[in-house]
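Peer 1: One structure, pasted below without further comment.
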Amino acid sequence: MSLLRPIFILFFSITAYANTDVMLLKSYEEQNVEGWVMSEKLDGVRGYWDGTQLLTRQGQRLSPPAYFIKDFPPFAIDGELFSERNRFEEISSITRSFKGEHWEKLKLYVFDVPNAEGNLFERLNILKTYLSSHPTPYIQIIEQIPVQDKAHLYEFLKEVENQQGEGVVVRNPNAPYERKRSAQILKLKTAHDEECTVIAHHKGKGQFENVMGSLTCKNHRGEFKIGSGFNLGERENPPAIGSVITYKYRGLTNSGKPRFATYWRVRESHQTK
């Protein structure tokens with residue numbers, strides 16, 4: 001038995017992860033996006049189908065039920081596992097589970113066909129052709145809207161955010177799929193977001209006297225406190241020291257720290273299930 005256990009662990013580590021480098025977004029900072037296309041940035045869980053299995057952004061294998069992936073294509077597609085706006089916690093919970101429950105609520109919203117040739121529309125057309133003869137309710141191609149000008153882009157952003165959407169993705173349709181953080185695909189939001197590592201908890205005062213009042217975080221901007229954005233449950237059981245959280249902020253102070261930093265959530269992770 002002692003010999004079998006290390007073999008099992010090695011087998012699990014090999015099968016649970018795959019080397020998959022995906023295209024990552026940079027931020028829109030008034031770059032020239034003439035001739036580009038835009039779509040809503042969906043607040044879900046990244047899903048990369050490599051032709052045989054569904055992987056996270058980090059390359060860890062997900063466990064969708066057989067019915068979900070039954071008619072998926074024999075080639076790679078990249079997208080977002082998503083149901084509807086303001087359901088991130090539910091989406092994340094579904095994808096983390098080994099039980100395969102509630103996947104019927106999700107679809108893989110596809111924004112690229114990584115290994116195909118041609119421009120973005122030609123790559124997506126390969127999937128469209130495949131789906132015409134292999135229809136599935138669990139794949140949907142994200143509509144790409146040509147950007148007329150900067151006013152059109154910001155008008156679309158306002159429309160998305162008014163409907164409680166996260167933001168907008170704008171990309172160069174003539175650029176190839178790049179397996180790195182690419183300047184050819186950009187995210188645009190009213191509020192910025194970044195990640196930081198929790199290094200300390202601080203007791204609250206007043207109504208938060210018996211729970212966490214704030215925490216200290218650290219990233220490339222240095223150390224800073226975050227005291228807002230937490231619900232009561234999160235104050236009673238705050239993100240663990242050493243965990244990575246995502247926060248939203250609106251610009252930087254003169255000292256380069258995030259202005260109005262607000263807790264958003266613990267970083268998506270499939271390291272433990």
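Chain labels follow the order of the structure tokens: the first chain is A, the next B, and so on; residue numbering restarts at 1 in every chain, and ligands are counted from 1 in their shown order.
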If DSSP is run on the backbone, what residues of range 64-201 of chain A are strand (DSSP E)? A reply as a PyMOL selection string would be ideal.

Peer 2: chain A and resi 77-82+107-112+139-141+145-146+167-171+181-188+192-201

Peer 1: With N, CA and C atoms kept, could you save the residues just selected as a short mmCIF file (atom, residue, chain, number, x, y, z; two decimals), in the first residue's frame?

Peer 2:
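Output (again.cif):
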data_model
loop_
_atom_site.label_atom_id
_atom_site.label_comp_id
_atom_site.auth_asym_id
_atom_site.auth_seq_id
_atom_site.Cartn_x
_atom_site.Cartn_y
_atom_site.Cartn_z
N ILE A 77 -11.04 25.42 -28.08
CA ILE A 77 -11.82 26.66 -28.04
C ILE A 77 -11.60 27.31 -26.68
N ASP A 78 -11.62 28.64 -26.66
CA ASP A 78 -11.33 29.38 -25.44
C ASP A 78 -12.50 30.29 -25.13
N GLY A 79 -12.91 30.31 -23.87
CA GLY A 79 -14.06 31.13 -23.52
C GLY A 79 -14.25 31.29 -22.03
N GLU A 80 -15.46 31.63 -21.65
CA GLU A 80 -15.81 31.90 -20.26
C GLU A 80 -17.02 31.06 -19.89
N LEU A 81 -16.90 30.30 -18.81
CA LEU A 81 -18.04 29.57 -18.26
C LEU A 81 -18.89 30.57 -17.49
N PHE A 82 -20.13 30.70 -17.90
CA PHE A 82 -20.95 31.83 -17.43
C PHE A 82 -22.41 31.44 -17.47
N LYS A 107 -22.94 27.88 -19.67
CA LYS A 107 -22.53 27.70 -21.06
C LYS A 107 -21.06 28.12 -21.16
N LEU A 108 -20.37 27.59 -22.15
CA LEU A 108 -19.04 28.11 -22.47
C LEU A 108 -19.22 29.16 -23.55
N TYR A 109 -19.05 30.42 -23.17
CA TYR A 109 -19.18 31.53 -24.11
C TYR A 109 -17.82 31.72 -24.77
N VAL A 110 -17.73 31.38 -26.05
CA VAL A 110 -16.45 31.27 -26.74
C VAL A 110 -16.07 32.59 -27.42
N PHE A 111 -14.81 33.00 -27.19
CA PHE A 111 -14.31 34.21 -27.85
C PHE A 111 -13.16 33.95 -28.79
N ASP A 112 -12.69 32.69 -28.91
CA ASP A 112 -11.61 32.42 -29.87
C ASP A 112 -11.46 30.92 -30.10
N ILE A 139 -22.57 25.63 -25.69
CA ILE A 139 -21.57 26.49 -26.32
C ILE A 139 -22.28 27.66 -26.99
N GLN A 140 -21.79 28.85 -26.76
CA GLN A 140 -22.32 30.03 -27.45
C GLN A 140 -21.17 30.92 -27.87
N ILE A 141 -21.16 31.33 -29.11
CA ILE A 141 -20.11 32.22 -29.61
C ILE A 141 -20.47 33.65 -29.22
N ILE A 145 -18.67 43.09 -31.81
CA ILE A 145 -19.26 44.29 -32.39
C ILE A 145 -18.16 45.22 -32.89
N PRO A 146 -18.16 45.60 -34.18
CA PRO A 146 -17.15 46.54 -34.67
C PRO A 146 -17.23 47.89 -33.94
N GLY A 167 -17.75 44.86 -17.56
CA GLY A 167 -16.99 45.78 -18.39
C GLY A 167 -16.99 45.31 -19.83
N VAL A 168 -16.00 45.78 -20.59
CA VAL A 168 -15.95 45.52 -22.03
C VAL A 168 -14.57 44.97 -22.39
N VAL A 169 -14.55 44.06 -23.35
CA VAL A 169 -13.30 43.59 -23.95
C VAL A 169 -13.23 44.15 -25.36
N VAL A 170 -12.12 44.78 -25.71
CA VAL A 170 -11.92 45.31 -27.06
C VAL A 170 -10.66 44.66 -27.62
N ARG A 171 -10.73 44.20 -28.87
CA ARG A 171 -9.59 43.46 -29.40
C ARG A 171 -9.41 43.68 -30.89
N ARG A 181 0.02 37.63 -22.09
CA ARG A 181 -0.75 38.86 -21.89
C ARG A 181 -0.51 39.74 -23.10
N SER A 182 -1.56 40.01 -23.83
CA SER A 182 -1.42 40.59 -25.16
C SER A 182 -1.92 42.03 -25.24
N ALA A 183 -1.21 42.85 -25.98
CA ALA A 183 -1.64 44.22 -26.24
C ALA A 183 -2.71 44.28 -27.32
N GLN A 184 -3.07 43.11 -27.87
CA GLN A 184 -4.08 43.06 -28.93
C GLN A 184 -5.47 42.76 -28.39
N ILE A 185 -5.59 42.62 -27.08
CA ILE A 185 -6.89 42.39 -26.44
C ILE A 185 -6.88 43.12 -25.10
N LEU A 186 -7.83 44.02 -24.90
CA LEU A 186 -7.80 44.94 -23.77
C LEU A 186 -9.12 44.92 -23.01
N LYS A 187 -9.04 45.15 -21.70
CA LYS A 187 -10.26 45.25 -20.89
C LYS A 187 -10.49 46.70 -20.51
N LEU A 188 -11.76 47.06 -20.48
CA LEU A 188 -12.15 48.43 -20.15
C LEU A 188 -13.26 48.38 -19.12
N HIS A 192 -11.06 49.98 -11.80
CA HIS A 192 -9.97 49.04 -12.05
C HIS A 192 -10.01 47.94 -10.99
N ASP A 193 -9.36 46.84 -11.27
CA ASP A 193 -9.20 45.82 -10.24
C ASP A 193 -7.81 45.20 -10.33
N GLU A 194 -7.30 44.80 -9.19
CA GLU A 194 -5.99 44.17 -9.09
C GLU A 194 -6.05 43.12 -7.98
N GLU A 195 -4.94 42.39 -7.84
CA GLU A 195 -4.84 41.39 -6.80
C GLU A 195 -3.77 41.79 -5.78
N CYS A 196 -3.94 41.29 -4.56
CA CYS A 196 -2.94 41.52 -3.52
C CYS A 196 -2.99 40.36 -2.54
N THR A 197 -1.93 40.22 -1.76
CA THR A 197 -1.84 39.14 -0.78
C THR A 197 -2.15 39.68 0.60
N VAL A 198 -3.04 38.99 1.33
CA VAL A 198 -3.41 39.41 2.69
C VAL A 198 -2.25 39.12 3.64
N ILE A 199 -1.83 40.14 4.40
CA ILE A 199 -0.71 39.94 5.34
C ILE A 199 -1.10 40.21 6.78
N ALA A 200 -2.29 40.82 7.04
CA ALA A 200 -2.69 41.07 8.43
C ALA A 200 -4.19 41.36 8.50
N HIS A 201 -4.80 41.01 9.64
CA HIS A 201 -6.19 41.36 9.94
C HIS A 201 -6.21 42.38 11.07
#

Peer 1: Out of range 32-245 of chain A, which residues get alpha helix (DSSP H) from DSSP, as a VMD selection string?

Peer 2: chain A and resid 66 to 69 88 to 96 120 to 133 150 to 162 232 to 236

Peer 1: Take the residues from that selection and put them in a file with C-alpha atoms, as a compact mmCIF listing (two decimals), in the first residue's frame.

Peer 2:
# COMPACT_ATOMS: atom_id res chain seq x y z
CA ALA A 66 -20.62 14.00 -19.77
CA TYR A 67 -23.78 15.63 -21.14
CA PHE A 68 -22.17 19.08 -20.96
CA ILE A 69 -19.18 18.29 -23.17
CA PHE A 88 -19.86 34.66 -9.99
CA GLU A 89 -19.93 32.86 -6.63
CA GLU A 90 -22.44 30.34 -7.94
CA ILE A 91 -20.52 29.85 -11.20
CA SER A 92 -17.27 29.36 -9.29
CA SER A 93 -18.90 26.87 -6.91
CA ILE A 94 -20.31 24.80 -9.78
CA THR A 95 -16.97 24.61 -11.58
CA ARG A 96 -15.04 23.74 -8.39
CA LEU A 120 -10.78 36.30 -35.47
CA PHE A 121 -13.93 36.03 -37.56
CA GLU A 122 -12.44 33.26 -39.70
CA ARG A 123 -11.34 31.38 -36.59
CA LEU A 124 -14.76 31.69 -34.98
CA ASN A 125 -16.42 30.64 -38.23
CA ILE A 126 -14.71 27.26 -37.93
CA LEU A 127 -16.57 26.71 -34.66
CA LYS A 128 -19.79 28.08 -36.15
CA THR A 129 -19.53 25.56 -38.99
CA TYR A 130 -18.88 22.72 -36.55
CA LEU A 131 -21.89 23.70 -34.39
CA SER A 132 -24.19 23.75 -37.41
CA SER A 133 -23.84 19.96 -37.61
CA LYS A 150 -14.17 55.99 -28.97
CA ALA A 151 -17.62 57.43 -28.23
CA HIS A 152 -19.20 54.19 -29.45
CA LEU A 153 -16.89 52.18 -27.17
CA TYR A 154 -17.76 54.21 -24.07
CA GLU A 155 -21.45 54.18 -24.94
CA PHE A 156 -21.30 50.38 -25.03
CA LEU A 157 -19.41 50.32 -21.71
CA LYS A 158 -22.10 52.47 -20.10
CA GLU A 159 -24.82 50.19 -21.47
CA VAL A 160 -23.07 47.08 -20.08
CA GLU A 161 -22.43 48.62 -16.65
CA ASN A 162 -26.00 49.90 -16.43
CA LEU A 232 -20.79 40.39 7.70
CA GLY A 233 -19.93 36.78 6.88
CA GLU A 234 -16.64 37.85 5.32
CA ARG A 235 -15.83 39.97 8.37
CA GLU A 236 -16.56 37.02 10.66

Peer 1: Pick the closest to Thr56 in chain A from A:Asp43, A:Pro73, A:Asp21, A:Tyr249: which is it, counting only C-alpha atoms?

Peer 2: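 Among A:Asp43, A:Pro73, A:Asp21, A:Tyr249, it is A:Asp21 that comes nearest to Thr56 in chain A.
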
Peer 1: Could you please determine the separation between CA of Leu106 in chain A and CA of Asn237 in chain A in Å, to one decimal place?

Peer 2: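 Interatomic distance here is 28.6 Å.
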
Peer 1: Find, counting only C-alpha atoms, the residue in A:Tyr263, A:Trp36, A:Phe75, A:Tyr48 that gets nearest to Asn119 in chain A.

Peer 2: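 Ranking A:Tyr263, A:Trp36, A:Phe75, A:Tyr48 by distance to Asn119 in chain A, first place goes to A:Trp36.
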
Peer 1: Got a sec: who's within 10 Å of Val244 in chain A, counting only C-alpha atoms, leaving out chain neighbours fewer than 2 positions off, as a short mmCIF file (atom, residue, chain, number, x, y, z; two decimals) with N, CA, C and O atoms, in the first residue's frame?

Peer 2:
data_model
loop_
_atom_site.label_atom_id
_atom_site.label_comp_id
_atom_site.auth_asym_id
_atom_site.auth_seq_id
_atom_site.Cartn_x
_atom_site.Cartn_y
_atom_site.Cartn_z
N GLU A 195 -4.94 42.39 -7.84
CA GLU A 195 -4.84 41.39 -6.80
C GLU A 195 -3.77 41.79 -5.78
O GLU A 195 -2.83 42.52 -6.11
N CYS A 196 -3.94 41.29 -4.56
CA CYS A 196 -2.94 41.52 -3.52
C CYS A 196 -2.99 40.36 -2.54
O CYS A 196 -3.97 39.61 -2.50
N THR A 197 -1.93 40.22 -1.76
CA THR A 197 -1.84 39.14 -0.78
C THR A 197 -2.15 39.68 0.60
O THR A 197 -1.61 40.71 1.03
N VAL A 198 -3.04 38.99 1.33
CA VAL A 198 -3.41 39.41 2.69
C VAL A 198 -2.25 39.12 3.64
O VAL A 198 -1.74 38.00 3.70
N ILE A 199 -1.83 40.14 4.40
CA ILE A 199 -0.71 39.94 5.34
C ILE A 199 -1.10 40.21 6.78
O ILE A 199 -0.36 39.86 7.70
N CYS A 217 -2.97 44.51 2.97
CA CYS A 217 -2.67 43.78 1.76
C CYS A 217 -1.32 44.25 1.22
O CYS A 217 -0.88 45.37 1.51
N LYS A 218 -0.71 43.40 0.40
CA LYS A 218 0.58 43.77 -0.20
C LYS A 218 0.64 43.29 -1.64
O LYS A 218 0.26 42.17 -1.96
N ASN A 219 1.10 44.18 -2.52
CA ASN A 219 1.39 43.82 -3.91
C ASN A 219 2.47 44.75 -4.45
O ASN A 219 3.21 45.36 -3.66
N PRO A 239 -10.73 36.63 4.62
CA PRO A 239 -9.76 35.90 3.80
C PRO A 239 -8.49 35.61 4.60
O PRO A 239 -7.98 36.48 5.30
N ALA A 240 -8.02 34.40 4.50
CA ALA A 240 -6.89 33.97 5.32
C ALA A 240 -5.62 34.75 4.99
O ALA A 240 -5.42 35.19 3.85
N ILE A 241 -4.78 34.92 6.00
CA ILE A 241 -3.48 35.53 5.77
C ILE A 241 -2.70 34.63 4.81
O ILE A 241 -2.66 33.41 4.96
N GLY A 242 -2.14 35.25 3.79
CA GLY A 242 -1.45 34.50 2.74
C GLY A 242 -2.30 34.25 1.51
O GLY A 242 -1.78 33.88 0.46
N THR A 246 -8.93 39.87 -4.73
CA THR A 246 -9.09 40.88 -5.76
C THR A 246 -9.81 42.08 -5.15
O THR A 246 -10.78 41.91 -4.40
N TYR A 247 -9.32 43.27 -5.44
CA TYR A 247 -9.97 44.48 -4.96
C TYR A 247 -10.21 45.42 -6.14
O TYR A 247 -9.54 45.35 -7.17
N ARG A 265 -13.35 39.96 -3.88
CA ARG A 265 -13.50 38.52 -3.64
C ARG A 265 -12.13 37.87 -3.51
O ARG A 265 -11.11 38.47 -3.88
N VAL A 266 -12.12 36.64 -2.99
CA VAL A 266 -10.90 35.84 -2.99
C VAL A 266 -10.64 35.40 -4.42
O VAL A 266 -11.58 35.09 -5.17
N ARG A 267 -9.39 35.41 -4.84
CA ARG A 267 -9.06 35.06 -6.22
C ARG A 267 -9.58 33.68 -6.56
O ARG A 267 -9.47 32.75 -5.76
N GLU A 268 -10.13 33.56 -7.75
CA GLU A 268 -10.59 32.27 -8.26
C GLU A 268 -9.44 31.27 -8.16
O GLU A 268 -8.32 31.52 -8.59
N SER A 269 -9.72 30.13 -7.57
CA SER A 269 -8.69 29.10 -7.44
C SER A 269 -9.34 27.73 -7.49
O SER A 269 -10.39 27.51 -6.93
#

Peer 1: Using only C-alpha atoms, can you tell me which of A:Ser214, A:Asn86, A:Asn115, A:Gln207 comes closest to Pro74 in chain A?

Peer 2: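 Residue with the minimum atom-to-atom distance to Pro74 in chain A: A:Asn115.
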
Peer 1: Go through A:Ala116, A:Arg57, A:Phe72, A:Pro65 one by one, measure the shortest atom-to-atom distance of each to Glu101 in chain A using only C-alpha atoms, and give the residue with the smallest value.

Peer 2: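 When distances to Glu101 in chain A are compared using only C-alpha atoms, the smallest one comes from A:Pro65.
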